[in-house]
file my_file29.pdb (PDB, C-alpha atoms (C1' of nucleotides))
MODEL        1
ATOM      1  CA  MET A  78      54.065   5.677   2.043
ATOM      2  CA  SER A  79      57.490   5.112   0.707
ATOM      3  CA  ALA A  80      59.413   8.363   0.694
ATOM      4  CA  TYR A  81      61.804   9.242  -2.066
ATOM      5  CA  THR A  82      64.958  11.257  -1.840
ATOM      6  CA  ILE A  83      65.549  13.704  -4.624
ATOM      7  CA  GLY A  84      67.959  11.299  -6.263
ATOM      8  CA  LYS A  85      65.451   8.513  -6.219
ATOM      9  CA  VAL A  86      62.580  10.568  -7.493
ATOM     10  CA  ALA A  87      64.801  11.893 -10.269
ATOM     11  CA  ARG A  88      65.917   8.422 -11.309
ATOM     12  CA  GLU A  89      62.376   7.092 -11.225
ATOM     13  CA  ALA A  90      61.109   9.908 -13.358
ATOM     14  CA  GLY A  91      64.061   9.952 -15.703
ATOM     15  CA  VAL A  92      65.247  13.485 -15.090
ATOM     16  CA  ALA A  93      68.315  15.041 -13.473
ATOM     17  CA  ILE A  94      68.410  16.030  -9.821
ATOM     18  CA  ASP A  95      69.105  19.627 -10.726
ATOM     19  CA  THR A  96      66.106  19.557 -12.972
ATOM     20  CA  VAL A  97      63.879  18.523 -10.084
ATOM     21  CA  ARG A  98      65.075  21.457  -8.029
ATOM     22  CA  TYR A  99      64.709  23.702 -11.048
ATOM     23  CA  TYR A 100      61.100  22.631 -11.483
ATOM     24  CA  GLU A 101      60.494  23.369  -7.854
ATOM     25  CA  ARG A 102      61.795  26.894  -8.326
ATOM     26  CA  ARG A 103      59.558  27.245 -11.360
ATOM     27  CA  ALA A 104      56.595  26.041  -9.318
ATOM     28  CA  LEU A 105      55.983  22.969 -11.416
ATOM     29  CA  LEU A 106      56.535  20.942  -8.298
ATOM     30  CA  PRO A 107      55.228  21.946  -4.886
ATOM     31  CA  PRO A 108      57.839  22.535  -2.188
ATOM     32  CA  PRO A 109      58.367  19.043  -0.821
ATOM     33  CA  ALA A 110      58.406  17.972   2.795
ATOM     34  CA  ARG A 111      61.789  18.085   4.434
ATOM     35  CA  ARG A 112      63.594  15.868   6.840
ATOM     36  CA  LEU A 113      65.139  17.444   9.881
ATOM     37  CA  SER A 114      68.381  17.428   7.967
ATOM     38  CA  GLY A 115      66.829  19.523   5.242
ATOM     39  CA  TYR A 116      66.699  16.682   2.722
ATOM     40  CA  ARG A 117      63.696  16.877   0.442
ATOM     41  CA  GLU A 118      61.184  14.077   0.741
ATOM     42  CA  TYR A 119      59.036  13.091  -2.174
ATOM     43  CA  ALA A 120      56.070  10.768  -2.596
ATOM     44  CA  ALA A 121      54.961   8.548  -5.446
ATOM     45  CA  GLU A 122      52.702  11.388  -6.536
ATOM     46  CA  ASP A 123      55.748  13.456  -7.362
ATOM     47  CA  VAL A 124      57.153  10.784  -9.609
ATOM     48  CA  ARG A 125      53.901  10.818 -11.527
ATOM     49  CA  ARG A 126      54.003  14.565 -11.726
ATOM     50  CA  LEU A 127      57.537  14.558 -13.053
ATOM     51  CA  ARG A 128      56.639  12.010 -15.673
ATOM     52  CA  PHE A 129      53.677  14.100 -16.654
ATOM     53  CA  ILE A 130      55.979  17.056 -17.116
ATOM     54  CA  ARG A 131      58.352  15.024 -19.216
ATOM     55  CA  ARG A 132      55.643  13.752 -21.496
ATOM     56  CA  ALA A 133      54.010  17.119 -21.869
ATOM     57  CA  LYS A 134      57.381  18.540 -22.781
ATOM     58  CA  ALA A 135      57.730  15.842 -25.411
ATOM     59  CA  LEU A 136      54.401  16.995 -26.813
ATOM     60  CA  GLY A 137      55.864  20.430 -27.247
ATOM     61  CA  PHE A 138      54.414  22.240 -24.259
ATOM     62  CA  ALA A 139      56.572  24.942 -22.709
ATOM     63  CA  LEU A 140      57.183  24.743 -18.977
ATOM     64  CA  GLU A 141      54.809  27.631 -18.412
ATOM     65  CA  ASP A 142      52.112  25.775 -20.304
ATOM     66  CA  ILE A 143      52.781  22.699 -18.291
ATOM     67  CA  ARG A 144      52.493  24.647 -15.088
ATOM     68  CA  ALA A 145      49.149  25.865 -16.306
ATOM     69  CA  LEU A 146      48.074  22.325 -17.125
ATOM     70  CA  LEU A 147      49.043  21.159 -13.685
ATOM     71  CA  ASP A 148      47.265  24.051 -12.031
ATOM     72  CA  LEU A 149      44.163  23.317 -14.050
ATOM     73  CA  SER A 150      44.295  19.708 -13.078
ATOM     74  CA  ALA A 151      43.893  20.854  -9.501
ATOM     75  CA  ASP A 152      41.079  23.249 -10.323
ATOM     76  CA  HIS A 153      37.725  21.608  -9.961
ATOM     77  CA  GLU A 154      35.909  24.661 -11.233
ATOM     78  CA  ARG A 155      37.460  25.159 -14.622
ATOM     79  CA  GLY A 156      39.874  22.305 -14.794
ATOM     80  CA  VAL A 157      38.451  20.049 -17.422
ATOM     81  CA  ARG A 158      37.396  22.784 -19.788
ATOM     82  CA  GLY A 159      40.791  24.405 -19.613
ATOM     83  CA  LEU A 160      42.678  21.213 -20.179
ATOM     84  CA  HIS A 161      40.571  20.387 -23.160
ATOM     85  CA  ALA A 162      41.042  23.805 -24.710
ATOM     86  CA  ARG A 163      44.774  23.809 -24.235
ATOM     87  CA  ALA A 164      45.241  20.357 -25.641
ATOM     88  CA  GLN A 165      43.189  21.396 -28.642
ATOM     89  CA  ALA A 166      45.256  24.511 -29.190
ATOM     90  CA  ARG A 167      48.431  22.459 -29.031
ATOM     91  CA  LEU A 168      46.951  19.952 -31.464
ATOM     92  CA  ALA A 169      46.128  22.693 -33.959
ATOM     93  CA  ASP A 170      49.684  23.939 -33.762
ATOM     94  CA  VAL A 171      51.128  20.485 -34.298
ATOM     95  CA  GLU A 172      48.885  19.900 -37.286
ATOM     96  CA  ALA A 173      49.931  23.165 -38.871
ATOM     97  CA  ARG A 174      53.562  22.207 -38.458
ATOM     98  CA  ILE A 175      53.009  18.868 -40.066
ATOM     99  CA  THR A 176      51.430  20.528 -43.077
ATOM    100  CA  GLN A 177      54.354  22.904 -43.484
ATOM    101  CA  LEU A 178      56.896  20.157 -43.098
ATOM    102  CA  GLN A 179      55.150  18.124 -45.742
ATOM    103  CA  LYS A 180      55.555  21.062 -48.086
ATOM    104  CA  MET A 181      59.204  21.185 -47.265
ATOM    105  CA  ARG A 182      59.491  17.472 -47.809
ATOM    106  CA  ARG A 183      58.011  17.820 -51.288
ATOM    107  CA  GLY A 184      60.544  20.522 -52.030
ATOM    108  CA  LEU A 185      63.429  18.394 -50.844
ATOM    109  CA  ARG A 186      62.187  15.376 -52.729
ATOM    110  CA  ARG A 187      62.035  17.350 -55.896
ATOM    111  CA  LEU A 188      65.544  18.499 -55.232
ATOM    112  CA  VAL A 189      66.787  14.991 -54.610
ATOM    113  CA  ASP A 190      64.996  13.508 -57.606
ATOM    114  CA  ALA A 191      65.462  16.331 -60.031
ATOM    115  CA  CYS A 192      69.185  16.658 -59.797
ATOM    116  CA  PRO A 193      70.776  13.247 -59.777
ATOM    117  CA  GLY A 194      74.022  14.841 -60.858
ATOM    118  CA  SER A 195      73.967  18.473 -61.637
ATOM    119  CA  GLY A 196      72.168  20.823 -63.930
ATOM    120  CA  THR A 197      70.614  24.008 -62.833
ATOM    121  CA  LEU A 198      66.991  24.633 -62.238
ATOM    122  CA  ASP A 199      66.252  28.281 -62.020
ATOM    123  CA  HIS A 200      64.261  27.983 -58.897
ATOM    124  CA  CYS A 201      65.208  26.090 -55.848
ATOM    125  CA  PRO A 202      62.331  23.970 -54.652
ATOM    126  CA  ILE A 203      63.340  24.289 -51.043
ATOM    127  CA  LEU A 204      62.838  27.993 -50.788
ATOM    128  CA  ALA A 205      59.784  27.731 -52.973
ATOM    129  CA  ALA A 206      58.280  25.156 -50.670
ATOM    130  CA  LEU A 207      57.815  27.708 -47.967
ATOM    131  CA  ASP A 208      57.136  30.624 -50.231
ATOM    132  CA  GLY A 209      53.858  32.392 -50.197
ATOM    133  CA  LYS A 210      52.057  35.464 -49.085
ATOM    134  CA  ASP A 211      52.611  36.640 -45.651
ATOM    135  CA  GLN A 212      50.503  35.560 -42.761
ATOM    136  CA  PRO A 213      52.134  32.606 -41.120
TER     137      PRO A 213
ATOM    138  CA  MET B 121      66.548  46.279 -59.055
ATOM    139  CA  SER B 122      64.873  48.012 -56.214
ATOM    140  CA  ALA B 123      67.245  48.057 -53.254
ATOM    141  CA  TYR B 124      66.035  47.650 -49.730
ATOM    142  CA  THR B 125      67.481  49.232 -46.648
ATOM    143  CA  ILE B 126      67.721  47.004 -43.650
ATOM    144  CA  GLY B 127      64.596  48.533 -42.189
ATOM    145  CA  LYS B 128      62.629  47.888 -45.347
ATOM    146  CA  VAL B 129      63.790  44.331 -45.776
ATOM    147  CA  ALA B 130      63.000  43.645 -42.142
ATOM    148  CA  ARG B 131      59.497  45.086 -42.415
ATOM    149  CA  GLU B 132      58.826  43.169 -45.611
ATOM    150  CA  ALA B 133      59.935  39.918 -44.097
ATOM    151  CA  GLY B 134      58.302  40.512 -40.758
ATOM    152  CA  VAL B 135      61.376  40.398 -38.584
ATOM    153  CA  ALA B 136      63.256  42.958 -36.508
ATOM    154  CA  ILE B 137      66.207  44.918 -37.843
ATOM    155  CA  ASP B 138      68.449  43.493 -35.170
ATOM    156  CA  THR B 139      67.374  40.056 -36.229
ATOM    157  CA  VAL B 140      68.511  40.692 -39.789
ATOM    158  CA  ARG B 141      71.948  41.709 -38.569
ATOM    159  CA  TYR B 142      71.994  38.760 -36.236
ATOM    160  CA  TYR B 143      71.277  36.389 -39.116
ATOM    161  CA  GLU B 144      74.070  37.976 -41.062
ATOM    162  CA  ARG B 145      76.464  37.279 -38.214
ATOM    163  CA  ARG B 146      75.221  33.714 -38.098
ATOM    164  CA  ALA B 147      75.734  33.379 -41.849
ATOM    165  CA  LEU B 148      72.096  32.776 -42.650
ATOM    166  CA  LEU B 149      72.234  35.831 -44.818
ATOM    167  CA  PRO B 150      75.196  36.689 -47.041
ATOM    168  CA  PRO B 151      76.987  39.932 -46.258
ATOM    169  CA  PRO B 152      74.970  42.444 -48.213
ATOM    170  CA  ALA B 153      76.263  45.136 -50.521
ATOM    171  CA  ARG B 154      76.990  48.438 -48.839
ATOM    172  CA  ARG B 155      76.480  51.991 -49.808
ATOM    173  CA  LEU B 156      79.402  54.344 -49.491
ATOM    174  CA  SER B 157      77.925  55.380 -46.186
ATOM    175  CA  GLY B 158      78.113  51.828 -44.950
ATOM    176  CA  TYR B 159      74.361  51.238 -45.110
ATOM    177  CA  ARG B 160      73.446  47.686 -46.024
ATOM    178  CA  GLU B 161      71.608  47.159 -49.300
ATOM    179  CA  TYR B 162      69.311  44.225 -49.838
ATOM    180  CA  ALA B 163      67.462  42.780 -52.803
ATOM    181  CA  ALA B 164      64.087  41.086 -53.145
ATOM    182  CA  GLU B 165      65.842  37.750 -52.882
ATOM    183  CA  ASP B 166      66.771  38.570 -49.322
ATOM    184  CA  VAL B 167      63.178  39.160 -48.355
ATOM    185  CA  ARG B 168      62.371  35.729 -49.633
ATOM    186  CA  ARG B 169      65.248  34.260 -47.746
ATOM    187  CA  LEU B 170      64.182  35.920 -44.532
ATOM    188  CA  ARG B 171      60.646  34.663 -44.912
ATOM    189  CA  PHE B 172      61.968  31.195 -45.472
ATOM    190  CA  ILE B 173      63.970  31.461 -42.291
ATOM    191  CA  ARG B 174      60.969  32.651 -40.363
ATOM    192  CA  ARG B 175      58.802  29.818 -41.537
ATOM    193  CA  ALA B 176      61.446  27.182 -41.028
ATOM    194  CA  LYS B 177      61.963  28.489 -37.532
ATOM    195  CA  ALA B 178      58.260  28.197 -36.862
ATOM    196  CA  LEU B 179      58.610  24.566 -37.858
ATOM    197  CA  GLY B 180      61.107  24.063 -35.113
ATOM    198  CA  PHE B 181      64.324  24.095 -37.085
ATOM    199  CA  ALA B 182      67.340  25.476 -35.315
ATOM    200  CA  LEU B 183      69.152  28.287 -37.082
ATOM    201  CA  GLU B 184      72.006  25.933 -37.850
ATOM    202  CA  ASP B 185      69.624  23.558 -39.617
ATOM    203  CA  ILE B 186      68.166  26.409 -41.563
ATOM    204  CA  ARG B 187      71.592  27.506 -42.614
ATOM    205  CA  ALA B 188      72.201  24.024 -43.956
ATOM    206  CA  LEU B 189      68.961  24.158 -45.935
ATOM    207  CA  LEU B 190      69.862  27.537 -47.359
ATOM    208  CA  ASP B 191      73.341  26.397 -48.282
ATOM    209  CA  LEU B 192      71.739  23.493 -50.042
ATOM    210  CA  SER B 193      69.603  25.752 -52.149
ATOM    211  CA  ALA B 194      72.517  28.031 -52.940
ATOM    212  CA  ASP B 195      74.659  25.115 -53.977
ATOM    213  CA  HIS B 196      71.809  23.844 -56.055
ATOM    214  CA  GLU B 197      71.731  27.069 -57.960
ATOM    215  CA  ARG B 198      75.387  26.877 -58.760
ATOM    216  CA  GLY B 199      75.455  23.150 -59.375
ATOM    217  CA  VAL B 200      77.747  22.065 -56.620
ATOM    218  CA  ARG B 201      78.603  18.415 -56.412
ATOM    219  CA  GLY B 202      77.676  16.516 -53.310
ATOM    220  CA  LEU B 203      74.376  18.211 -53.188
ATOM    221  CA  HIS B 204      72.459  15.039 -53.743
ATOM    222  CA  ALA B 205      73.770  13.389 -50.625
ATOM    223  CA  ARG B 206      73.229  16.383 -48.446
ATOM    224  CA  ALA B 207      69.757  16.912 -49.788
ATOM    225  CA  GLN B 208      68.982  13.345 -48.931
ATOM    226  CA  ALA B 209      70.268  13.851 -45.413
ATOM    227  CA  ARG B 210      68.070  16.912 -45.010
ATOM    228  CA  LEU B 211      65.143  14.997 -46.374
ATOM    229  CA  ALA B 212      65.681  12.261 -43.837
ATOM    230  CA  ASP B 213      65.749  14.889 -41.133
ATOM    231  CA  VAL B 214      62.510  16.435 -42.271
ATOM    232  CA  GLU B 215      60.880  13.050 -42.455
ATOM    233  CA  ALA B 216      61.982  12.256 -38.948
ATOM    234  CA  ARG B 217      60.443  15.491 -37.769
ATOM    235  CA  ILE B 218      57.201  14.683 -39.480
ATOM    236  CA  THR B 219      57.135  11.291 -37.842
ATOM    237  CA  GLN B 220      57.815  12.819 -34.461
ATOM    238  CA  LEU B 221      55.055  15.373 -34.912
ATOM    239  CA  GLN B 222      52.655  12.691 -36.016
ATOM    240  CA  LYS B 223      53.336  10.913 -32.771
ATOM    241  CA  MET B 224      52.605  14.073 -30.886
ATOM    242  CA  ARG B 225      49.441  14.497 -32.869
ATOM    243  CA  ARG B 226      48.255  11.035 -31.989
ATOM    244  CA  GLY B 227      48.970  11.699 -28.338
ATOM    245  CA  LEU B 228      47.173  14.997 -28.360
ATOM    246  CA  ARG B 229      44.233  13.634 -30.287
ATOM    247  CA  ARG B 230      43.751  10.939 -27.764
ATOM    248  CA  LEU B 231      43.657  13.575 -25.078
ATOM    249  CA  VAL B 232      41.265  15.851 -26.895
ATOM    250  CA  ASP B 233      38.925  13.139 -28.096
ATOM    251  CA  ALA B 234      38.777  11.303 -24.838
ATOM    252  CA  CYS B 235      38.124  14.390 -22.774
ATOM    253  CA  PRO B 236      34.525  15.515 -22.857
ATOM    254  CA  GLY B 237      35.382  19.108 -22.066
ATOM    255  CA  SER B 238      33.059  19.047 -19.155
ATOM    256  CA  GLY B 239      32.425  17.001 -16.074
ATOM    257  CA  THR B 240      34.717  16.440 -13.194
ATOM    258  CA  LEU B 241      38.410  15.947 -13.174
ATOM    259  CA  ASP B 242      38.066  12.395 -12.087
ATOM    260  CA  HIS B 243      36.649  11.702 -15.499
ATOM    261  CA  CYS B 244      39.099  13.740 -17.472
ATOM    262  CA  PRO B 245      41.568  11.381 -19.052
ATOM    263  CA  ILE B 246      44.211  13.925 -19.889
ATOM    264  CA  LEU B 247      46.055  13.472 -16.660
ATOM    265  CA  ALA B 248      45.564   9.756 -16.773
ATOM    266  CA  ALA B 249      46.729   9.660 -20.351
ATOM    267  CA  LEU B 250      49.919  11.452 -19.555
ATOM    268  CA  ASP B 251      50.379   9.153 -16.647
ATOM    269  CA  GLY B 252      51.517   5.624 -16.979
ATOM    270  CA  LYS B 253      54.483   3.351 -16.994
ATOM    271  CA  ASP B 254      57.688   4.532 -18.387
ATOM    272  CA  GLN B 255      58.681   4.016 -21.963
ATOM    273  CA  PRO B 256      58.535   7.361 -23.712
TER     274      PRO B 256
ATOM    275  C1'  DC C 280      83.045   4.259  13.421
ATOM    276  C1'  DT C 281      84.395   5.156   8.930
ATOM    277  C1'  DT C 282      83.938   5.837   4.273
ATOM    278  C1'  DG C 283      81.678   6.692   0.153
ATOM    279  C1'  DA C 284      77.474   8.085  -1.683
ATOM    280  C1'  DC C 285      74.153  11.365  -1.148
ATOM    281  C1'  DT C 286      72.057  16.047  -0.283
ATOM    282  C1'  DC C 287      71.952  21.067   0.893
ATOM    283  C1'  DT C 288      72.300  26.240  -0.783
ATOM    284  C1'  DG C 289      73.245  30.022  -3.724
ATOM    285  C1'  DG C 290      74.973  31.473  -7.540
ATOM    286  C1'  DA C 291      77.616  31.045 -11.848
ATOM    287  C1'  DC C 292      77.447  29.303 -16.335
ATOM    288  C1'  DC C 293      75.771  27.304 -20.886
ATOM    289  C1'  DA C 294      73.425  27.469 -25.668
ATOM    290  C1'  DT C 295      69.976  29.492 -28.375
ATOM    291  C1'  DG C 296      67.890  33.312 -30.418
ATOM    292  C1'  DC C 297      67.186  37.317 -30.050
ATOM    293  C1'  DT C 298      66.738  42.570 -28.263
ATOM    294  C1'  DC C 299      68.417  46.839 -26.653
ATOM    295  C1'  DC C 300      71.744  50.547 -26.041
ATOM    296  C1'  DA C 301      75.147  54.421 -26.586
ATOM    297  C1'  DG C 302      77.193  57.437 -29.322
ATOM    298  C1'  DG C 303      77.917  58.309 -33.375
ATOM    299  C1'  DG C 304      76.925  59.344 -38.951
ATOM    300  C1'  DT C 305      73.280  59.522 -43.099
ATOM    301  C1'  DT C 306      68.966  60.394 -45.608
ATOM    302  C1'  DT C 307      65.002  62.556 -46.812
ATOM    303  C1'  DA C 308      60.656  65.219 -46.503
ATOM    304  C1'  DG C 309      59.260  69.823 -46.204
TER     305       DG C 309
ATOM    306  C1'  DC D 114      68.729  73.921 -44.355
ATOM    307  C1'  DT D 115      66.902  71.312 -40.750
ATOM    308  C1'  DA D 116      64.547  68.014 -38.097
ATOM    309  C1'  DA D 117      62.922  63.487 -38.034
ATOM    310  C1'  DA D 118      63.796  59.163 -39.250
ATOM    311  C1'  DC D 119      67.064  56.033 -40.387
ATOM    312  C1'  DC D 120      71.470  53.369 -40.113
ATOM    313  C1'  DC D 121      76.262  52.029 -38.179
ATOM    314  C1'  DT D 122      79.187  49.161 -34.570
ATOM    315  C1'  DG D 123      80.223  46.514 -30.578
ATOM    316  C1'  DG D 124      78.800  44.836 -26.654
ATOM    317  C1'  DA D 125      75.553  44.074 -22.878
ATOM    318  C1'  DG D 126      71.268  42.005 -21.432
ATOM    319  C1'  DC D 127      67.196  38.836 -21.584
ATOM    320  C1'  DA D 128      64.230  34.472 -21.570
ATOM    321  C1'  DT D 129      64.217  29.588 -21.664
ATOM    322  C1'  DG D 130      65.554  25.341 -19.821
ATOM    323  C1'  DG D 131      68.605  23.655 -17.795
ATOM    324  C1'  DT D 132      73.624  22.185 -15.809
ATOM    325  C1'  DC D 133      77.524  22.604 -12.726
ATOM    326  C1'  DC D 134      80.067  23.923  -8.736
ATOM    327  C1'  DA D 135      82.045  24.755  -3.916
ATOM    328  C1'  DG D 136      81.884  23.970   0.589
ATOM    329  C1'  DA D 137      79.419  21.935   3.984
ATOM    330  C1'  DG D 138      76.334  18.541   6.260
ATOM    331  C1'  DT D 139      73.873  13.656   6.257
ATOM    332  C1'  DC D 140      73.097   8.761   5.556
ATOM    333  C1'  DA D 141      73.895   3.844   5.217
ATOM    334  C1'  DA D 142      76.688  -0.326   4.430
ATOM    335  C1'  DG D 143      80.264  -2.948   6.332
TER     336       DG D 143
ENDMDL
END
call {"tool": "encode", "arguments": {"input": "my_file29.pdb", "output": "structure tokens"}}
result
Amino acid sequence: MSAYTIGKVAREAGVAIDTVRYYERRALLPPPARRLSGYREYAAEDVRRLRFIRRAKALGFALEDIRALLDLSADHERGVRGLHARAQARLADVEARITQLQKMRRGLRRLVDACPGSGTLDHCPILAALDGKDQP
Amino acid sequence: MSAYTIGKVAREAGVAIDTVRYYERRALLPPPARRLSGYREYAAEDVRRLRFIRRAKALGFALEDIRALLDLSADHERGVRGLHARAQARLADVEARITQLQKMRRGLRRLVDACPGSGTLDHCPILAALDGKDQP
DNA sequence: CTTGACTCTGGACCATGCTCCAGGGTTTAG
DNA sequence: CTAAACCCTGGAGCATGGTCCAGAGTCAAG
């Protein structure tokens, strides 16, 4: 069992040292073992966990969500079901965003194409792109 | 021209009153007309603008980005030169966001599809999928 | 052994995007 | 006319997700 210092585990996982301690405070990482000196000691498992957190963050999960994901991953009763549901919810959200952004892209494209120089269209296609009745 | 009070415009757009004033400070909304009493007076256009802001925010745009988009549309309406280039820059930004979200979608789909939603954690690939060597 | 790199704690600080408050004045329904 | 509902300003406070710091102790290479 190679043991990592906080600096090592941070480098391996690609995050800042302060971030590691911050995640510990936020309970995304369990309180690590300590040397007699008080130095934190991490294991390879923690590197994996940190990478998991980083990737989940990149997928748009909030830290609280990620904590929930990690908790579920340790829960043999409801773990799998919960993970599946949460990933699906996140997926639905991402798909909705893509749809909206595509609308905005159409609006911007029209703007770019339609006014090579100047000339006024009465209605701006950008605002119109996201127009619509109200239940976002 | 029906005029809206700040409370009305906020309700119509689905945001808080304080948020409207905050957006004014951040120049996402132009300084509105005032009554003699000092009360702000808004028009239907402002409701539209606020809704746009809300939706753009839901898409993950920062307020600064949204301000840029709004400036673009305002400049469009008054035929300002240089619009074309800026619109193209915004378009590139939106396209980058779409690409990024599509990546997320692929990642999430892999998780959702691969996970049966039942069974034991050892068979749930979500954790495994978020694991792995490092090149995010 | 010394020196430079590393780690500890607790708390301050940052940017973003609100949200709330006090202590006023204004509007409007009845 | 009056009470309830609304609006004003300026500034403080909050949640998120970190980031930085001082002042002190620890570790490892040479």
call {"tool": "interface_residues", "arguments": {"input": "my_file29.pdb", "of": "chain C", "to": "chain B", "cutoff": "9 Å", "atoms": "only C-alpha atoms (C1' of nucleotides)", "output": "PDB file with C-alpha atoms (C1' of nucleotides), keeping the file's coordinate frame"}}
result
ATOM      1  C1'  DT C 295      69.976  29.492 -28.375  1.00  0.00           C
ATOM      2  C1'  DG C 296      67.890  33.312 -30.418  1.00  0.00           C
ATOM      3  C1'  DC C 297      67.186  37.317 -30.050  1.00  0.00           C
ATOM      4  C1'  DT C 298      66.738  42.570 -28.263  1.00  0.00           C
ATOM      5  C1'  DG C 304      76.925  59.344 -38.951  1.00  0.00           C
ATOM      6  C1'  DT C 305      73.280  59.522 -43.099  1.00  0.00           C
TER       7       DT C 305
END
call {"tool": "resolve_selection", "arguments": {"input": "my_file29.pdb", "expression": "the PyMOL selection byres ((chain C and resi 282-286) around 12)", "output": "list in words"}}
result
Thr82, Ile83, Gly84, Lys85, Ile94, Asp95, Arg98, Arg111, Arg112, Ser114, Gly115, Tyr116, Arg117 and Glu118 of chain A; DC280, DT281, DC287 and DT288 of chain C; DA137, DG138, DT139, DC140, DA141, DA142 and DG143 of chain D
call {"tool": "resolve_selection", "arguments": {"input": "my_file29.pdb", "expression": "the PyMOL selection byres ((chain D) within 9 of (chain B))", "output": "mmCIF file with C-alpha atoms (C1' of nucleotides), keeping the file's coordinate frame"}}
result
data_model
loop_
_atom_site.group_PDB
_atom_site.id
_atom_site.type_symbol
_atom_site.label_atom_id
_atom_site.label_comp_id
_atom_site.auth_asym_id
_atom_site.auth_seq_id
_atom_site.Cartn_x
_atom_site.Cartn_y
_atom_site.Cartn_z
ATOM 1 C "C1'" DC D 119 67.064 56.033 -40.387
ATOM 2 C "C1'" DC D 120 71.470 53.369 -40.113
ATOM 3 C "C1'" DC D 121 76.262 52.029 -38.179
#
call {"tool": "closest_residue", "arguments": {"input": "my_file29.pdb", "among": "A:Arg144, A:Arg186, A:His161, A:Arg126", "to": "Arg102 of chain A", "atoms": "only C-alpha atoms"}}
result
A:Arg144
call {"tool": "atom_distance", "arguments": {"input": "my_file29.pdb", "atom1": "atom CA of Ser122 of chain B", "atom2": "atom CA of Tyr162 of chain B"}}
result
8.6 Å
call {"tool": "residues_around", "arguments": {"input": "my_file29.pdb", "residues": "Arg174 of chain A", "least_positions_apart": "4", "cutoff": "12 Å", "atoms": "only C-alpha atoms (C1' of nucleotides)", "output": "list in words"}}
result
Gly137, Arg167, Leu168, Ala169, Asp170, Leu178, Gln179, Lys180, Met181, Leu207 and Pro213 of chain A; Arg175, Ala176, Lys177, Ala178, Leu179, Gly180, Phe181, Val214, Arg217, Ile218, Thr219, Gln220, Leu221, Gln222, Met224 and Arg225 of chain B
call {"tool": "build_atoms", "arguments": {"input": "my_file29.pdb", "residues": "segment 164-177 of chain A", "atoms": "N, CA and C atoms", "output": "PDB file, in the coordinates of the input"}}
result
ATOM      1  N   ALA A 164      44.803  21.494 -24.836  1.00  0.00           N
ATOM      2  CA  ALA A 164      45.241  20.357 -25.641  1.00  0.00           C
ATOM      3  C   ALA A 164      44.840  20.568 -27.099  1.00  0.00           C
ATOM      4  N   GLN A 165      43.656  21.154 -27.277  1.00  0.00           N
ATOM      5  CA  GLN A 165      43.189  21.396 -28.642  1.00  0.00           C
ATOM      6  C   GLN A 165      44.055  22.443 -29.346  1.00  0.00           C
ATOM      7  N   ALA A 166      44.401  23.473 -28.614  1.00  0.00           N
ATOM      8  CA  ALA A 166      45.256  24.511 -29.190  1.00  0.00           C
ATOM      9  C   ALA A 166      46.597  23.908 -29.612  1.00  0.00           C
ATOM     10  N   ARG A 167      47.159  23.099 -28.731  1.00  0.00           N
ATOM     11  CA  ARG A 167      48.431  22.459 -29.031  1.00  0.00           C
ATOM     12  C   ARG A 167      48.305  21.552 -30.257  1.00  0.00           C
ATOM     13  N   LEU A 168      47.192  20.848 -30.332  1.00  0.00           N
ATOM     14  CA  LEU A 168      46.951  19.952 -31.464  1.00  0.00           C
ATOM     15  C   LEU A 168      46.900  20.737 -32.770  1.00  0.00           C
ATOM     16  N   ALA A 169      46.219  21.874 -32.753  1.00  0.00           N
ATOM     17  CA  ALA A 169      46.128  22.693 -33.959  1.00  0.00           C
ATOM     18  C   ALA A 169      47.519  23.127 -34.402  1.00  0.00           C
ATOM     19  N   ASP A 170      48.327  23.507 -33.448  1.00  0.00           N
ATOM     20  CA  ASP A 170      49.684  23.939 -33.762  1.00  0.00           C
ATOM     21  C   ASP A 170      50.487  22.798 -34.386  1.00  0.00           C
ATOM     22  N   VAL A 171      50.387  21.641 -33.780  1.00  0.00           N
ATOM     23  CA  VAL A 171      51.128  20.485 -34.298  1.00  0.00           C
ATOM     24  C   VAL A 171      50.669  20.145 -35.712  1.00  0.00           C
ATOM     25  N   GLU A 172      49.381  20.234 -35.953  1.00  0.00           N
ATOM     26  CA  GLU A 172      48.885  19.900 -37.286  1.00  0.00           C
ATOM     27  C   GLU A 172      49.370  20.902 -38.331  1.00  0.00           C
ATOM     28  N   ALA A 173      49.425  22.159 -37.941  1.00  0.00           N
ATOM     29  CA  ALA A 173      49.931  23.165 -38.871  1.00  0.00           C
ATOM     30  C   ALA A 173      51.394  22.891 -39.206  1.00  0.00           C
ATOM     31  N   ARG A 174      52.147  22.506 -38.213  1.00  0.00           N
ATOM     32  CA  ARG A 174      53.562  22.207 -38.458  1.00  0.00           C
ATOM     33  C   ARG A 174      53.727  21.032 -39.401  1.00  0.00           C
ATOM     34  N   ILE A 175      52.909  20.037 -39.197  1.00  0.00           N
ATOM     35  CA  ILE A 175      53.009  18.868 -40.066  1.00  0.00           C
ATOM     36  C   ILE A 175      52.759  19.272 -41.516  1.00  0.00           C
ATOM     37  N   THR A 176      51.746  20.079 -41.727  1.00  0.00           N
ATOM     38  CA  THR A 176      51.430  20.528 -43.077  1.00  0.00           C
ATOM     39  C   THR A 176      52.618  21.248 -43.717  1.00  0.00           C
ATOM     40  N   GLN A 177      53.214  22.149 -42.967  1.00  0.00           N
ATOM     41  CA  GLN A 177      54.354  22.904 -43.484  1.00  0.00           C
ATOM     42  C   GLN A 177      55.540  21.988 -43.779  1.00  0.00           C
TER      43      GLN A 177
END
